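In what follows, a single structure is set out as structure tokens and then discussed.
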Amino acid sequence: MILHKGEILFRQGDSGDHLYHIRRGLFKVTRLHANGNVVLFNILYPGETVPHHSLISPKETHGTAIALIQSEVEVISAETWYRQLEEDPRKPLEVARLLQEKVRFMQMRLDHLTVGGPAERLELLIQWLDEYSQGIHLTEYLTQEEIGQLIGVRRETVNRLLREQGKHV
């Protein structure tokens, strides 16, 4: 399945009838809280099978995944996925590897958040996203507020940092 920028892969609260293997592209995952706040809490990238919390057992989706750039996704029936998990002795190891890769990614992102100041954190985010963004600068698919959420600073700080880089949107 091909999704274009802004198209939704899944919505918060969906029943989880499918899992998705991201072949190409990027997605942001947002969560709407009861108080009305929408928070960006994850970026999905090629090679991932999601939702992560449903790799072993079904659960409704925790957030809404929105394509940031043109993306390609393989849709996997949850019923087929869980049946293979029970029947194929290699499948649990595949799931363990997927989860291990996500833990390693999270460790890298935590390292990025704890090293240096905001300018260095922004540069590390740009470098990481450039691996998957098909040459599109992050300000073309993320707002300054979202960038700030990913690097732990306010929108105003992102604005200043981008101006200093000469990449203000």
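Within each chain, counting starts at residue 1; across the structure tokens, chains are named A, B, ... in the order shown, with ligands numbered 1 upward in that order.
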
Problem - Spatial neighbours of segment 5-17 of chain A, max dist 12 Å, only C-alpha atoms, sep filter under 2 positions, as a ChimeraX atom specification - result: /A:1-3,19-22,25-33,38,44,50-55,57-82,133,136,140-142

Practice task
as a PyMOL selection string, please: all residues of segment 18-142 of chain A that backbone DSSP puts in strand (DSSP E).
Solution key: chain A and resi 18-24+27-32+38-44+49-50+64-67+71-77

Can I get the selection written as a CSV table (one decimal), in the first residue's frame, with N, CA and C atoms?
```
chain,number,residue,atom,x,y,z
A,18,HIS,N,-5.0,-5.4,11.9
A,18,HIS,CA,-3.8,-5.5,11.0
A,18,HIS,C,-2.5,-5.0,11.7
A,19,LEU,N,-1.4,-5.6,11.2
A,19,LEU,CA,-0.1,-5.0,11.6
A,19,LEU,C,0.4,-4.5,10.3
A,20,TYR,N,1.5,-3.7,10.4
A,20,TYR,CA,2.0,-3.0,9.2
A,20,TYR,C,3.5,-3.1,9.2
A,21,HIS,N,4.1,-3.5,8.1
A,21,HIS,CA,5.5,-3.5,7.9
A,21,HIS,C,5.9,-2.3,7.0
A,22,ILE,N,6.7,-1.4,7.5
A,22,ILE,CA,7.0,-0.2,6.8
A,22,ILE,C,8.2,-0.5,5.9
A,23,ARG,N,8.0,-0.4,4.6
A,23,ARG,CA,9.0,-0.7,3.6
A,23,ARG,C,9.8,0.5,3.2
A,24,ARG,N,9.1,1.7,3.2
A,24,ARG,CA,9.7,2.9,2.7
A,24,ARG,C,8.9,4.1,3.3
A,27,PHE,N,6.5,7.9,9.3
A,27,PHE,CA,5.2,8.2,9.9
A,27,PHE,C,5.5,8.8,11.2
A,28,LYS,N,4.6,9.8,11.6
A,28,LYS,CA,4.6,10.3,12.9
A,28,LYS,C,3.4,9.6,13.6
A,29,VAL,N,3.6,9.3,14.9
A,29,VAL,CA,2.5,8.7,15.7
A,29,VAL,C,2.2,9.8,16.8
A,30,THR,N,0.9,10.2,16.7
A,30,THR,CA,0.4,11.1,17.7
A,30,THR,C,-0.6,10.5,18.6
A,31,ARG,N,-0.7,11.1,19.8
A,31,ARG,CA,-1.7,10.5,20.8
A,31,ARG,C,-2.5,11.7,21.3
A,32,LEU,N,-3.8,11.5,21.2
A,32,LEU,CA,-4.8,12.5,21.7
A,32,LEU,C,-5.1,12.1,23.2
A,38,VAL,N,-2.6,17.0,21.9
A,38,VAL,CA,-2.1,16.0,21.0
A,38,VAL,C,-0.6,16.1,21.1
A,39,VAL,N,0.0,14.9,21.3
A,39,VAL,CA,1.5,14.8,21.5
A,39,VAL,C,2.1,13.8,20.5
A,40,LEU,N,3.1,14.3,19.8
A,40,LEU,CA,3.9,13.4,19.0
A,40,LEU,C,4.8,12.5,19.9
A,41,PHE,N,4.6,11.2,19.8
A,41,PHE,CA,5.4,10.4,20.7
A,41,PHE,C,6.2,9.3,20.0
A,42,ASN,N,6.2,9.2,18.6
A,42,ASN,CA,7.0,8.3,18.0
A,42,ASN,C,7.1,8.6,16.5
A,43,ILE,N,8.2,8.2,15.9
A,43,ILE,CA,8.5,8.2,14.5
A,43,ILE,C,8.7,6.8,14.0
A,44,LEU,N,7.9,6.4,13.0
A,44,LEU,CA,8.1,5.0,12.5
A,44,LEU,C,8.9,5.1,11.2
A,49,THR,N,7.9,-3.2,12.0
A,49,THR,CA,6.5,-3.8,12.0
A,49,THR,C,5.8,-3.3,13.2
A,50,VAL,N,4.6,-2.7,12.9
A,50,VAL,CA,3.9,-1.9,14.0
A,50,VAL,C,2.4,-2.3,14.0
A,64,THR,N,-2.3,7.6,16.5
A,64,THR,CA,-2.6,7.7,15.1
A,64,THR,C,-1.3,7.9,14.3
A,65,ALA,N,-1.1,7.0,13.3
A,65,ALA,CA,0.1,7.1,12.5
A,65,ALA,C,-0.2,7.8,11.2
A,66,ILE,N,0.5,8.9,10.9
A,66,ILE,CA,0.3,9.8,9.8
A,66,ILE,C,1.5,9.8,8.9
A,67,ALA,N,1.4,9.6,7.6
A,67,ALA,CA,2.6,9.6,6.7
A,67,ALA,C,3.1,11.0,6.6
A,71,SER,N,5.1,7.0,1.4
A,71,SER,CA,5.5,5.8,2.1
A,71,SER,C,4.9,4.6,1.5
A,72,GLU,N,5.6,3.4,1.7
A,72,GLU,CA,5.1,2.2,1.3
A,72,GLU,C,5.0,1.2,2.5
A,73,VAL,N,3.9,0.6,2.6
A,73,VAL,CA,3.6,-0.3,3.8
A,73,VAL,C,3.0,-1.6,3.3
A,74,GLU,N,3.4,-2.7,3.9
A,74,GLU,CA,2.8,-4.0,3.7
A,74,GLU,C,1.8,-4.2,4.8
A,75,VAL,N,0.5,-4.4,4.5
A,75,VAL,CA,-0.5,-4.7,5.4
A,75,VAL,C,-0.5,-6.2,5.7
A,76,ILE,N,-0.5,-6.5,7.0
A,76,ILE,CA,-0.5,-7.9,7.5
A,76,ILE,C,-1.7,-8.2,8.3
A,77,SER,N,-2.5,-9.2,7.9
A,77,SER,CA,-3.6,-9.6,8.7
A,77,SER,C,-3.2,-10.0,10.1
```

Practice task
Can you list, as a ChimeraX atom specification, all residues belonging to segment 65-145 of chain A that DSSP tags as helix (DSSP H, G or I)?
Solution key: /A:78-87,91-114,118-130,138-140,144-145

Problem - Residue nearest Gln165 of chain A - candidates A:Leu122, A:Leu85, A:Leu150, A:Leu113, atoms counted: only C-alpha atoms - result: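 When distances to Gln165 of chain A are compared using only C-alpha atoms, the smallest one comes from A:Leu122.
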
Handout entry: Minimum-distance residue to Glu123 of chain A, chosen among A:Glu156, A:His4, A:Glu94, A:His137 (using only C-alpha atoms)
Key =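 Ranked by minimum distance to Glu123 of chain A, first place goes to A:His137.
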